[in-house]
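To be precise, the following lines are run.cif, and they hold mmCIF, C-alpha atoms and all ligand atoms.
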```
data_my_file
loop_
_atom_site.label_atom_id
_atom_site.label_comp_id
_atom_site.auth_asym_id
_atom_site.auth_seq_id
_atom_site.Cartn_x
_atom_site.Cartn_y
_atom_site.Cartn_z
CA MET A 1 100.76 129.20 123.75
CA THR A 2 99.74 132.78 122.92
CA ILE A 3 100.58 136.37 123.76
CA SER A 4 98.77 137.28 127.00
CA ARG A 5 96.47 140.26 127.44
CA ALA A 6 98.98 141.58 129.99
CA GLU A 7 101.71 141.52 127.34
CA TYR A 8 99.62 143.57 124.89
CA ILE A 9 98.97 146.09 127.67
CA ARG A 10 102.72 146.20 128.41
CA ARG A 11 103.56 146.79 124.75
CA ARG A 12 101.15 149.74 124.55
CA GLN A 13 102.52 151.09 127.81
CA ARG A 14 106.05 151.05 126.42
CA LEU A 15 104.94 152.88 123.28
CA LEU A 16 102.98 155.44 125.33
CA GLU A 17 106.13 156.06 127.38
CA ALA A 18 108.15 156.62 124.21
CA LEU A 19 105.66 159.14 122.74
CA PRO A 20 106.14 162.83 123.54
CA GLU A 21 103.60 164.68 125.64
CA ASN A 22 100.63 166.11 123.82
CA SER A 23 100.89 163.71 120.90
CA LEU A 24 98.54 161.06 119.57
CA ALA A 25 99.38 157.85 117.69
CA ILE A 26 97.18 156.16 115.10
CA VAL A 27 97.64 152.52 114.07
CA PRO A 28 95.15 151.07 111.56
CA SER A 29 94.28 147.42 110.97
CA ALA A 30 94.96 145.79 107.60
CA ARG A 31 92.29 146.05 104.90
CA GLU A 32 90.63 143.10 103.23
CA GLN A 33 92.17 142.54 99.77
CA LEU A 34 90.21 141.42 96.72
CA ARG A 35 91.59 138.34 94.99
CA SER A 36 89.10 138.05 92.16
CA ARG A 37 85.80 139.86 91.56
CA ASP A 38 83.99 139.41 94.89
CA THR A 39 86.40 136.92 96.45
CA TYR A 40 88.98 138.02 98.99
CA PHE A 41 92.44 136.79 99.97
CA PRO A 42 92.48 135.22 103.43
CA PHE A 43 92.60 138.19 105.80
CA ARG A 44 95.92 138.81 107.51
CA GLN A 45 96.08 141.39 110.27
CA ASP A 46 98.68 144.16 109.96
CA SER A 47 101.70 143.26 112.08
CA ASP A 48 101.99 146.67 113.81
CA PHE A 49 98.29 146.67 114.72
CA ASN A 50 98.41 143.04 115.80
CA TYR A 51 101.50 143.69 117.93
CA LEU A 52 99.69 146.40 119.88
CA THR A 53 96.20 144.91 120.13
CA GLY A 54 96.02 141.21 119.25
CA PHE A 55 92.69 142.20 117.65
CA ALA A 56 92.08 140.09 114.55
CA GLU A 57 89.37 142.03 112.69
CA PRO A 58 89.62 144.38 109.70
CA GLU A 59 88.10 147.91 109.72
CA SER A 60 89.69 148.66 113.07
CA LEU A 61 91.95 151.44 114.27
CA LEU A 62 93.93 152.01 117.45
CA VAL A 63 94.41 155.50 118.90
CA MET A 64 96.96 156.05 121.64
CA MET A 65 97.36 159.20 123.69
CA PRO A 66 100.08 159.64 126.27
CA GLY A 67 98.73 161.34 129.38
CA ARG A 68 99.77 162.54 132.78
CA GLN A 69 99.17 159.11 134.25
CA GLN A 70 99.02 155.94 132.14
CA GLY A 71 97.84 157.47 128.92
CA GLU A 72 94.89 156.13 126.99
CA SER A 73 94.40 153.55 124.26
CA LEU A 74 91.14 153.53 122.32
CA LEU A 75 89.93 151.16 119.65
CA PHE A 76 87.55 151.78 116.77
CA CYS A 77 86.05 148.61 115.32
CA ARG A 78 83.02 147.15 113.54
CA GLU A 79 79.74 146.98 115.40
CA ARG A 80 77.89 143.74 115.93
CA ASP A 81 75.54 143.01 113.00
CA ALA A 82 73.32 139.93 113.17
CA GLU A 83 72.72 139.77 109.39
CA LYS A 84 76.43 140.08 108.45
CA GLU A 85 77.52 137.76 111.23
CA LEU A 86 75.15 135.12 109.85
CA TRP A 87 77.23 135.07 106.64
CA ASP A 88 80.73 135.95 107.76
CA GLY A 89 80.93 134.78 111.35
CA PRO A 90 81.00 136.60 114.66
CA ARG A 91 82.27 140.14 115.23
CA THR A 92 83.58 141.24 118.59
CA GLY A 93 81.90 144.66 118.71
CA PRO A 94 83.22 147.67 120.64
CA GLU A 95 81.71 146.70 124.01
CA GLN A 96 83.50 143.35 124.13
CA ALA A 97 86.67 144.48 122.28
CA ALA A 98 87.71 146.98 124.95
CA GLU A 99 87.45 144.28 127.59
CA THR A 100 89.15 141.54 125.53
CA CYS A 101 92.12 143.72 124.54
CA GLY A 102 92.47 145.49 127.87
CA LEU A 103 91.81 148.91 126.27
CA CYS A 104 90.41 152.02 127.92
CA ASP A 105 87.45 152.25 125.57
CA ALA A 106 86.19 151.22 122.13
CA PHE A 107 83.83 152.87 119.63
CA PRO A 108 82.11 151.91 116.37
CA ILE A 109 84.39 152.52 113.37
CA GLY A 110 81.45 154.40 111.78
CA ASP A 111 81.88 157.10 114.46
CA LEU A 112 85.50 157.85 113.47
CA ASP A 113 84.67 161.14 111.70
CA ASP A 114 82.78 162.35 114.78
CA ILE A 115 85.38 161.43 117.39
CA LEU A 116 88.93 161.35 115.95
CA PRO A 117 89.20 164.99 114.72
CA GLY A 118 88.30 166.18 118.23
CA LEU A 119 91.03 164.00 119.73
CA MET A 120 93.60 165.27 117.21
CA GLU A 121 92.76 168.94 117.69
CA GLY A 122 95.18 170.81 119.95
CA ARG A 123 97.90 168.09 119.80
CA ASP A 124 101.40 169.03 118.76
CA TYR A 125 102.17 165.78 116.93
CA ILE A 126 100.27 162.95 115.29
CA TYR A 127 102.36 159.77 115.08
CA TYR A 128 101.11 157.97 112.00
CA THR A 129 102.91 156.28 109.12
CA MET A 130 101.74 157.78 105.83
CA GLY A 131 101.77 155.88 102.55
CA ARG A 132 100.55 152.46 103.65
CA PHE A 133 96.80 153.05 103.73
CA PRO A 134 96.02 155.75 101.10
CA GLN A 135 92.29 156.05 101.96
CA LEU A 136 93.02 156.66 105.62
CA ASP A 137 95.87 159.05 104.66
CA ARG A 138 93.34 161.18 102.77
CA ARG A 139 90.84 161.05 105.60
CA LEU A 140 93.40 162.17 108.16
CA GLN A 141 94.61 164.94 105.82
CA SER A 142 91.04 166.21 105.60
CA TYR A 143 90.76 166.22 109.42
CA LEU A 144 94.04 168.15 109.61
CA ALA A 145 92.88 170.67 106.99
CA ALA A 146 89.67 171.25 108.95
CA ILE A 147 91.65 171.73 112.18
CA ALA A 148 94.07 174.16 110.45
CA ASN A 149 91.17 176.19 109.03
CA ALA A 150 89.04 176.29 112.17
CA PRO A 151 89.01 179.75 113.74
CA GLY A 152 90.74 180.10 117.10
CA THR A 153 92.81 176.89 116.96
CA LYS A 154 96.60 176.81 117.22
CA GLY A 155 96.95 175.17 113.80
CA ALA A 156 97.19 171.58 112.64
CA PRO A 157 99.44 169.12 114.46
CA GLU A 158 102.56 167.88 112.68
CA ILE A 159 102.51 164.32 111.30
CA ILE A 160 105.49 162.16 112.28
CA SER A 161 106.12 158.55 111.22
CA LEU A 162 105.39 156.09 114.02
CA ASP A 163 107.66 153.43 112.49
CA PRO A 164 110.97 154.21 114.25
CA LEU A 165 109.45 154.10 117.77
CA LEU A 166 107.19 151.13 117.21
CA HIS A 167 109.66 149.08 115.19
CA ASP A 168 112.36 149.48 117.78
CA LEU A 169 109.99 147.83 120.26
CA ARG A 170 109.16 145.01 117.82
CA LEU A 171 112.86 144.29 117.22
CA PHE A 172 113.29 142.95 120.77
CA LYS A 173 111.32 139.77 121.29
CA SER A 174 109.85 138.76 124.65
CA ALA A 175 110.07 135.23 126.04
CA ALA A 176 106.50 134.56 124.82
CA GLU A 177 107.35 135.76 121.31
CA ILE A 178 110.46 133.57 121.18
CA ARG A 179 108.36 130.57 122.25
CA LEU A 180 105.93 131.22 119.37
CA MET A 181 108.80 131.68 116.92
CA ALA A 182 110.42 128.47 118.13
CA ARG A 183 107.13 126.68 117.44
CA ALA A 184 106.83 128.28 113.99
CA ALA A 185 110.38 127.09 113.24
CA GLU A 186 109.72 123.60 114.60
CA ILE A 187 106.54 123.17 112.53
CA SER A 188 108.38 124.42 109.44
CA ALA A 189 111.35 122.12 110.13
CA GLN A 190 108.93 119.16 110.22
CA GLY A 191 107.57 120.33 106.87
CA HIS A 192 111.07 120.33 105.41
CA CYS A 193 111.63 116.79 106.74
CA ARG A 194 108.40 115.64 105.13
CA ALA A 195 109.38 117.18 101.79
CA MET A 196 112.85 115.59 101.92
CA ALA A 197 111.41 112.19 102.77
CA ALA A 198 108.93 112.40 99.88
CA CYS A 199 111.41 113.72 97.30
CA ARG A 200 112.34 111.55 94.33
CA PRO A 201 113.11 112.07 90.62
CA GLY A 202 110.00 112.48 88.50
CA LEU A 203 108.03 114.55 91.00
CA SER A 204 107.62 118.23 90.25
CA GLU A 205 108.77 121.09 92.45
CA TYR A 206 105.17 121.77 93.53
CA HIS A 207 104.90 118.27 94.99
CA LEU A 208 107.45 119.30 97.62
CA GLU A 209 105.58 122.59 98.10
CA ALA A 210 102.42 120.55 98.76
CA GLU A 211 104.15 118.23 101.23
CA PHE A 212 105.39 121.26 103.15
CA LEU A 213 102.02 122.98 103.19
CA HIS A 214 100.24 119.82 104.30
CA SER A 215 102.65 119.28 107.14
CA CYS A 216 102.39 122.89 108.42
CA MET A 217 98.61 123.12 108.16
CA ALA A 218 98.13 119.77 109.86
CA ALA A 219 100.33 121.04 112.70
CA GLY A 220 98.10 124.08 113.20
CA ALA A 221 99.93 126.72 111.15
CA ARG A 222 97.22 127.72 108.70
CA GLU A 223 99.27 130.28 106.79
CA LEU A 224 102.73 130.44 105.33
CA ALA A 225 105.01 133.36 106.15
CA TYR A 226 105.79 133.82 102.41
CA PRO A 227 105.25 131.89 99.16
CA SER A 228 107.42 128.77 99.19
CA ILE A 229 110.42 128.67 96.85
CA VAL A 230 111.13 125.18 95.49
CA GLY A 231 113.81 125.28 92.81
CA GLY A 232 115.31 122.14 91.27
CA GLY A 233 118.72 122.34 89.52
CA ALA A 234 119.55 125.81 88.20
CA ASN A 235 116.12 127.15 89.30
CA ALA A 236 117.80 127.44 92.70
CA LEU A 237 119.76 130.36 91.26
CA VAL A 238 116.62 132.47 90.83
CA MET A 239 116.38 134.20 94.23
CA HIS A 240 112.65 134.86 94.12
CA TYR A 241 111.68 131.75 92.12
CA CYS A 242 108.12 130.73 92.94
CA SER A 243 106.58 129.09 89.86
CA ASN A 244 107.65 125.75 91.42
CA SER A 245 106.41 123.91 88.34
CA ALA A 246 109.48 122.16 86.85
CA PRO A 247 110.12 118.42 87.11
CA LEU A 248 112.75 117.34 89.65
CA ARG A 249 115.60 115.61 87.84
CA ASN A 250 117.78 112.73 88.96
CA GLY A 251 121.24 114.06 89.81
CA ASP A 252 120.10 117.63 90.56
CA LEU A 253 119.84 119.37 93.89
CA VAL A 254 116.62 121.06 94.96
CA LEU A 255 116.54 124.23 97.06
CA MET A 256 113.47 124.66 99.24
CA ASP A 257 112.95 127.98 101.06
CA ALA A 258 109.72 127.70 103.03
CA GLY A 259 108.39 128.78 106.42
CA CYS A 260 105.03 128.90 108.13
CA GLU A 261 103.41 131.62 110.17
CA PHE A 262 102.28 130.50 113.61
CA ARG A 263 100.00 132.79 115.65
CA GLY A 264 101.36 135.83 113.84
CA TYR A 265 105.06 134.87 113.89
CA ALA A 266 107.17 133.79 110.91
CA ALA A 267 109.68 131.05 110.31
CA ASP A 268 112.06 131.22 107.33
CA ILE A 269 114.03 128.06 106.58
CA THR A 270 115.98 126.91 103.54
CA ARG A 271 117.34 123.45 102.92
CA THR A 272 119.07 122.19 99.79
CA PHE A 273 119.13 118.46 99.17
CA PRO A 274 119.73 115.96 96.35
CA VAL A 275 116.62 114.96 94.38
CA ASN A 276 117.73 111.31 94.42
CA GLY A 277 118.86 111.34 98.06
CA ARG A 278 122.66 111.21 97.43
CA PHE A 279 124.95 114.22 96.99
CA SER A 280 127.47 113.98 94.13
CA GLY A 281 131.11 114.77 94.95
CA ALA A 282 130.88 118.26 93.43
CA GLN A 283 127.54 119.03 95.12
CA LYS A 284 128.89 117.87 98.46
CA ALA A 285 132.05 119.98 98.09
CA VAL A 286 130.04 123.17 97.51
CA TYR A 287 127.48 122.23 100.17
CA GLU A 288 130.13 121.78 102.88
CA ILE A 289 131.45 125.28 102.19
CA VAL A 290 128.01 126.87 102.58
CA LEU A 291 127.43 124.88 105.76
CA ALA A 292 130.77 125.97 107.22
CA GLY A 293 130.02 129.58 106.22
CA GLN A 294 126.68 129.36 108.00
CA GLN A 295 128.26 127.94 111.16
CA ALA A 296 130.88 130.70 111.16
CA ALA A 297 128.10 133.30 110.92
CA ILE A 298 126.11 131.70 113.77
CA ASP A 299 129.28 131.66 115.90
CA HIS A 300 129.50 135.44 115.45
CA ILE A 301 125.99 136.13 116.72
CA ALA A 302 126.85 137.39 120.19
CA VAL A 303 125.74 140.21 122.45
CA GLY A 304 127.99 143.18 121.69
CA ASN A 305 128.99 142.08 118.19
CA HIS A 306 127.62 144.28 115.44
CA TRP A 307 125.13 143.33 112.75
CA ASP A 308 127.75 142.91 110.02
CA GLN A 309 130.07 140.53 111.87
CA PRO A 310 128.14 137.31 111.10
CA HIS A 311 127.97 138.35 107.44
CA LEU A 312 131.72 139.03 107.26
CA ALA A 313 132.42 135.66 108.90
CA SER A 314 130.36 133.88 106.23
CA VAL A 315 132.07 135.85 103.44
CA LYS A 316 135.50 134.80 104.69
CA VAL A 317 134.69 131.08 104.88
CA ILE A 318 132.86 131.05 101.55
CA THR A 319 135.58 132.97 99.73
CA GLU A 320 138.24 130.59 101.13
CA GLY A 321 136.14 127.63 100.02
CA LEU A 322 135.60 129.02 96.52
CA LYS A 323 139.37 129.51 96.29
CA GLU A 324 140.00 125.91 97.31
CA LEU A 325 137.56 124.68 94.68
CA GLY A 326 139.40 126.79 92.10
CA LEU A 327 136.34 128.96 91.36
CA LEU A 328 138.14 132.08 92.58
CA ARG A 329 141.82 132.81 92.16
CA GLY A 330 143.98 135.30 94.02
CA ASP A 331 144.75 136.58 97.44
CA LEU A 332 141.97 135.99 100.02
CA SER A 333 141.79 139.52 101.43
CA GLY A 334 141.91 140.96 97.91
CA LEU A 335 139.02 138.72 96.81
CA ILE A 336 137.01 139.87 99.85
CA GLU A 337 137.84 143.58 99.51
CA SER A 338 137.11 143.67 95.79
CA GLY A 339 133.82 141.80 96.34
CA ALA A 340 134.93 139.11 93.83
CA TYR A 341 133.02 136.51 95.89
CA ARG A 342 129.75 138.25 94.95
CA ARG A 343 129.86 136.42 91.61
CA PHE A 344 128.73 133.38 93.61
CA TYR A 345 127.40 134.81 96.92
CA MET A 346 125.48 137.97 96.05
CA HIS A 347 123.19 138.52 99.02
CA ARG A 348 123.67 139.30 102.68
CA VAL A 349 123.75 136.62 105.34
CA GLY A 350 120.34 137.37 106.83
CA HIS A 351 117.66 139.71 108.10
CA TRP A 352 115.57 140.32 111.20
CA LEU A 353 112.74 137.84 111.68
CA GLY A 354 109.53 138.29 113.66
CA MET A 355 105.90 138.97 112.83
CA ASP A 356 107.05 139.83 109.29
CA VAL A 357 109.44 137.51 107.51
CA HIS A 358 111.71 140.44 106.68
CA ASP A 359 110.99 141.96 110.04
CA VAL A 360 111.16 145.58 111.10
CA GLY A 361 114.07 147.22 112.88
CA ASP A 362 117.02 149.28 111.68
CA TYR A 363 120.27 147.56 110.76
CA LYS A 364 122.26 150.74 111.32
CA VAL A 365 121.99 153.33 114.07
CA HIS A 366 123.49 156.78 113.37
CA GLY A 367 125.24 155.33 110.34
CA GLN A 368 126.92 152.49 112.29
CA TRP A 369 126.04 148.79 112.19
CA ARG A 370 123.72 148.00 115.08
CA GLN A 371 125.05 146.16 118.12
CA LEU A 372 123.44 142.76 118.65
CA GLU A 373 121.45 142.43 121.87
CA ALA A 374 119.54 139.66 123.61
CA GLY A 375 116.00 139.28 122.28
CA MET A 376 116.88 139.89 118.62
CA VAL A 377 115.95 137.14 116.14
CA MET A 378 117.54 136.85 112.72
CA THR A 379 117.98 134.46 109.83
CA VAL A 380 121.38 133.10 108.84
CA GLU A 381 121.29 132.10 105.19
CA PRO A 382 124.51 132.13 103.19
CA GLY A 383 124.54 130.57 99.74
CA ILE A 384 126.65 129.75 96.71
CA TYR A 385 125.07 130.06 93.28
CA ILE A 386 127.09 128.97 90.24
CA PRO A 387 125.59 130.08 86.92
CA ALA A 388 124.73 127.20 84.57
CA GLY A 389 126.38 128.90 81.60
CA ASP A 390 129.62 130.02 83.29
CA GLU A 391 132.36 128.42 81.22
CA ARG A 392 135.06 129.75 83.54
CA VAL A 393 134.14 127.10 86.14
CA PRO A 394 134.52 123.31 85.77
CA GLU A 395 131.39 121.78 84.28
CA LYS A 396 130.62 119.62 87.33
CA PHE A 397 129.93 122.80 89.37
CA ARG A 398 127.77 124.63 86.84
CA GLY A 399 124.11 125.19 87.74
CA ILE A 400 124.61 124.32 91.41
CA GLY A 401 122.67 126.63 93.74
CA ILE A 402 122.84 126.05 97.49
CA ARG A 403 121.45 128.05 100.38
CA ILE A 404 121.12 126.93 103.99
CA GLU A 405 118.92 129.11 106.18
CA ASP A 406 118.16 128.88 109.88
CA ASP A 407 116.36 131.09 112.37
CA VAL A 408 118.50 132.19 115.29
CA ALA A 409 117.41 133.89 118.51
CA LEU A 410 120.09 135.73 120.43
CA MET A 411 119.57 134.81 124.07
CA LYS A 412 121.54 136.07 127.08
CA GLY A 413 123.63 132.88 126.96
CA GLY A 414 124.31 133.07 123.21
CA PRO A 415 122.68 132.15 119.91
CA GLN A 416 119.89 129.58 119.86
CA VAL A 417 119.02 127.95 116.53
CA LEU A 418 115.22 127.68 116.51
CA SER A 419 115.07 125.62 113.31
CA SER A 420 117.53 122.87 114.23
CA ALA A 421 114.92 120.12 113.73
CA ALA A 422 115.47 120.37 109.97
CA PRO A 423 118.54 118.21 109.18
CA LYS A 424 121.38 119.95 107.37
CA SER A 425 124.55 117.86 107.55
CA VAL A 426 125.15 115.75 104.43
CA ALA A 427 124.94 112.57 106.52
CA ASP A 428 121.68 113.57 108.24
CA ILE A 429 119.99 114.61 104.98
CA GLU A 430 121.05 111.41 103.19
CA HIS A 431 119.92 109.35 106.17
CA LEU A 432 116.47 110.97 106.27
CA MET A 433 116.04 110.62 102.51
CA ARG A 434 117.04 106.94 102.61
CA ALA A 435 114.45 106.35 105.34
CA GLY A 436 111.91 108.20 103.15
CA ASP A 437 112.72 105.85 100.24
CA LEU A 438 112.18 102.80 102.45
CA VAL A 439 108.78 104.10 103.57
CA GLN A 440 107.75 104.73 99.97
CA GLU A 441 108.92 101.30 98.84
CA ALA A 442 106.90 99.72 101.63
CA LEU A 443 103.82 101.67 100.52
CA LEU A 444 104.11 100.77 96.83
N1 LIG A 501 112.33 133.59 102.16
C1 LIG A 501 112.81 134.90 102.04
C2 LIG A 501 114.16 135.05 102.54
O1 LIG A 501 114.85 134.08 102.76
O2 LIG A 501 114.60 136.12 102.82
MN MN A 502 114.06 132.18 103.20
MN MN A 503 115.34 134.75 104.81
#
```
Mind turning this structure into structure tokens?
Ligand code: GLY
Ligand code: MN
Ligand code: MN
Amino acid sequence: MTISRAEYIRRRQRLLEALPENSLAIVPSAREQLRSRDTYFPFRQDSDFNYLTGFAEPESLLVMMPGRQQGESLLFCRERDAEKELWDGPRTGPEQAAETCGLCDAFPIGDLDDILPGLMEGRDYIYYTMGRFPQLDRRLQSYLAAIANAPGTKGAPEIISLDPLLHDLRLFKSAAEIRLMARAAEISAQGHCRAMAACRPGLSEYHLEAEFLHSCMAAGARELAYPSIVGGGANALVMHYCSNSAPLRNGDLVLMDAGCEFRGYAADITRTFPVNGRFSGAQKAVYEIVLAGQQAAIDHIAVGNHWDQPHLASVKVITEGLKELGLLRGDLSGLIESGAYRRFYMHRVGHWLGMDVHDVGDYKVHGQWRQLEAGMVMTVEPGIYIPAGDERVPEKFRGIGIRIEDDVALMKGGPQVLSSAAPKSVADIEHLMRAGDLVQEALL
């Protein structure tokens, strides 16, 4: 299960067709990032570069030039080097890279200064996204300055961001991409199951983080899509909580937001469950509202609906529920229009999902919410977060934070929940956690 060479060629072809005549596009690989002194973070390829090449090495750069016929795609990459390969493992080298990636040609990255300025000269536009790779920005600026100052040339080309063209392609997932995303979601769902089954009072939040990581890695997903969030009790109210170091207390809920990356594609799943395996009455009451809000949002993911409709559907159900619990008072439409619900539900219902966890693609087109189309993948993740110190709400609700997040692909026939293997009804969660207790008792 991978993206085929033919699909990479097709992606480049689509981008070449979208580029104006006499332009040139530049897409660099990611850079290696230092973690400490001479030790690096695990290398992760840039999503744009990976989308267009599938080439996994740093110090690489893709150049694309639309032409009268098919246009041309060239790669610059590291040369083979027996001494370095002895330490760091094999390099593809330009000769093999062109063949592997289905490119027209490939050159050593060390020859960039000799070749790229000549390719840029005489073009009207250079499609390149400034600001992400400052060293390359400066290098390209120096090429442009030299072109502008050279006698007899027509001046330097104009730089235009490549993002809008490229990201519009990435927004629509192919069948192969959806298969990889379904696998990423399935592996992550298994990780959530493992964490739920292992959960018990007295463990710390990072124990659940470790269970999740173990499960994903053992299933072949070596990286996570983002740092896991495991928040027990009121830690669930901290949106970007990631210290994951507090003890898990009997009677609290724990919110776990965790997803793996599988062959370049992200999953993003949140489950909230009771530390001791049984929801209290108050926890269950809030949980059922979030779950109903999520289902309402999923039901509004349909071809032709606009991006905001699922969000509005979740707002309506959650505001009604908060009213029924007595946490909000007043007329429903007034509470929605005034944004009163934001006291407890302060984020939007989701985001695009793909190679990046918060994936690329515009949410509005010409100032209007985007229409949903087949091939788009998004998260659906409403929540209710009740501050621990809010004396306006009954004590039994204070400090409860619940989010339920699934990954949904919009197919021609309707929405498909990719992450459904992670249980989310109260009965299914309690059942899984009871089974987990039995396994642990048998082991002790
Ligand atoms: N895990 C990040 C998010 O849910 O958006
Ligand atoms: Mn998430
Ligand atoms: Mn998310």
Can you check which parts of chain A lie within 9 Å of ligand MN 503 (chain A)? Per residue, the shortest pair of atoms and distance in Å to one decimal, counting all atoms listed in the file, sorted by chain and number, as CSV.
```
residue,atom,partner,partner_atom,distance
A:Asp257,CA,A:MN503,MN,8.1
A:Ala267,CA,A:MN503,MN,8.7
A:Asp268,CA,A:MN503,MN,5.4
A:Ile269,CA,A:MN503,MN,7.0
A:Thr270,CA,A:MN503,MN,8.0
A:Val349,CA,A:MN503,MN,8.6
A:Gly350,CA,A:MN503,MN,6.0
A:His351,CA,A:MN503,MN,6.4
A:Trp352,CA,A:MN503,MN,8.5
A:Leu353,CA,A:MN503,MN,8.0
A:Val357,CA,A:MN503,MN,7.1
A:His358,CA,A:MN503,MN,7.0
A:Met378,CA,A:MN503,MN,8.5
A:Thr379,CA,A:MN503,MN,5.7
A:Val380,CA,A:MN503,MN,7.4
A:Glu381,CA,A:MN503,MN,6.5
A:Glu405,CA,A:MN503,MN,6.8
A:Asp406,CA,A:MN503,MN,8.3
A:Asp407,CA,A:MN503,MN,8.5
```
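The two atoms in question, CA of Arg123 (chain A) and CA of Leu171 (chain A), are spaced 28.2 Å apart.
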**Item:** Which residue of A:Gly330, A:Gly304, A:Pro415, A:Pro227 approaches ligand LIG 501 (chain A) most closely, using all atoms listed in the file
**Value:** A:Pro227
**Prompt:** Can you tell me, as a PyMOL selection string, what residues are no more than 12 Å from Tyr143 (chain A) when counting only C-alpha atoms, ignoring any on the same chain fewer than 6 positions away?
**Reply:** chain A and resi 112-121+126+136-137+149-150+155-157
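Counting all atoms listed in the file and comparing A:Gly326, A:Gly413, A:Gly251, A:Gly259, the residue that lies closest to ligand LIG 501 (chain A) is A:Gly259.
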Work out where the centre of an axis-aligned box around every listed atom of ligand LIG 501 (chain A) lies and how long its edges are once 4 Å is added on each side; give both in Å to one decimal as AutoDock Vina command-line options.
```
--center_x 113.6 --center_y 134.9 --center_z 102.4 --size_x 10.5 --size_y 10.5 --size_z 8.8
```
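Among the candidate residues A:Arg14, A:Thr272, A:Arg139, A:Pro164, the one lying nearest to Val365 (chain A) is A:Pro164, with distances computed using all atoms listed in the file.
Distance-wise, CA of Glu324 (chain A) and CA of Leu312 (chain A) end up 18.4 Å apart.
If you measure from each of A:Asp362, A:Glu337, A:Asp356, A:Glu288 to ligand LIG 501 (chain A) using all atoms listed in the file, the closest one turns out to be A:Asp356.
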**Request:** Just the residues within 8 Å of Tyr206 (chain A), please, counting only C-alpha atoms, with nothing from its chain fewer than 6 positions along; format it as a ChimeraX atom specification.
**Result:** /A:230,244-246
**Request:** Excluding Ala282 (chain A) and any residue of its chain fewer than 2 positions from it, enumerate the residues within 10 Å of it, using only C-alpha atoms, and give them as a VMD selection string.
**Result:** chain A and resid 279 to 280 284 to 287 325 394 to 398 400
**Atom-to-atom span, CA of Leu208 (chain A) and CA of Ala258 (chain A), Å** = 10.2 Å
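Closest approach to ligand LIG 501 (chain A) among A:Ile429, A:Leu443, A:Ala225, A:Val317 is made by A:Ala225 (distances from only C-alpha atoms and all ligand atoms).
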**Item:** Surrounding residues of Asp124 (chain A) excluding itself and chain neighbours under 4 positions, 12 Å, all atoms listed in the file, as a PyMOL selection string
**Value:** chain A and resi 19-25+65+119-120+144+153-160
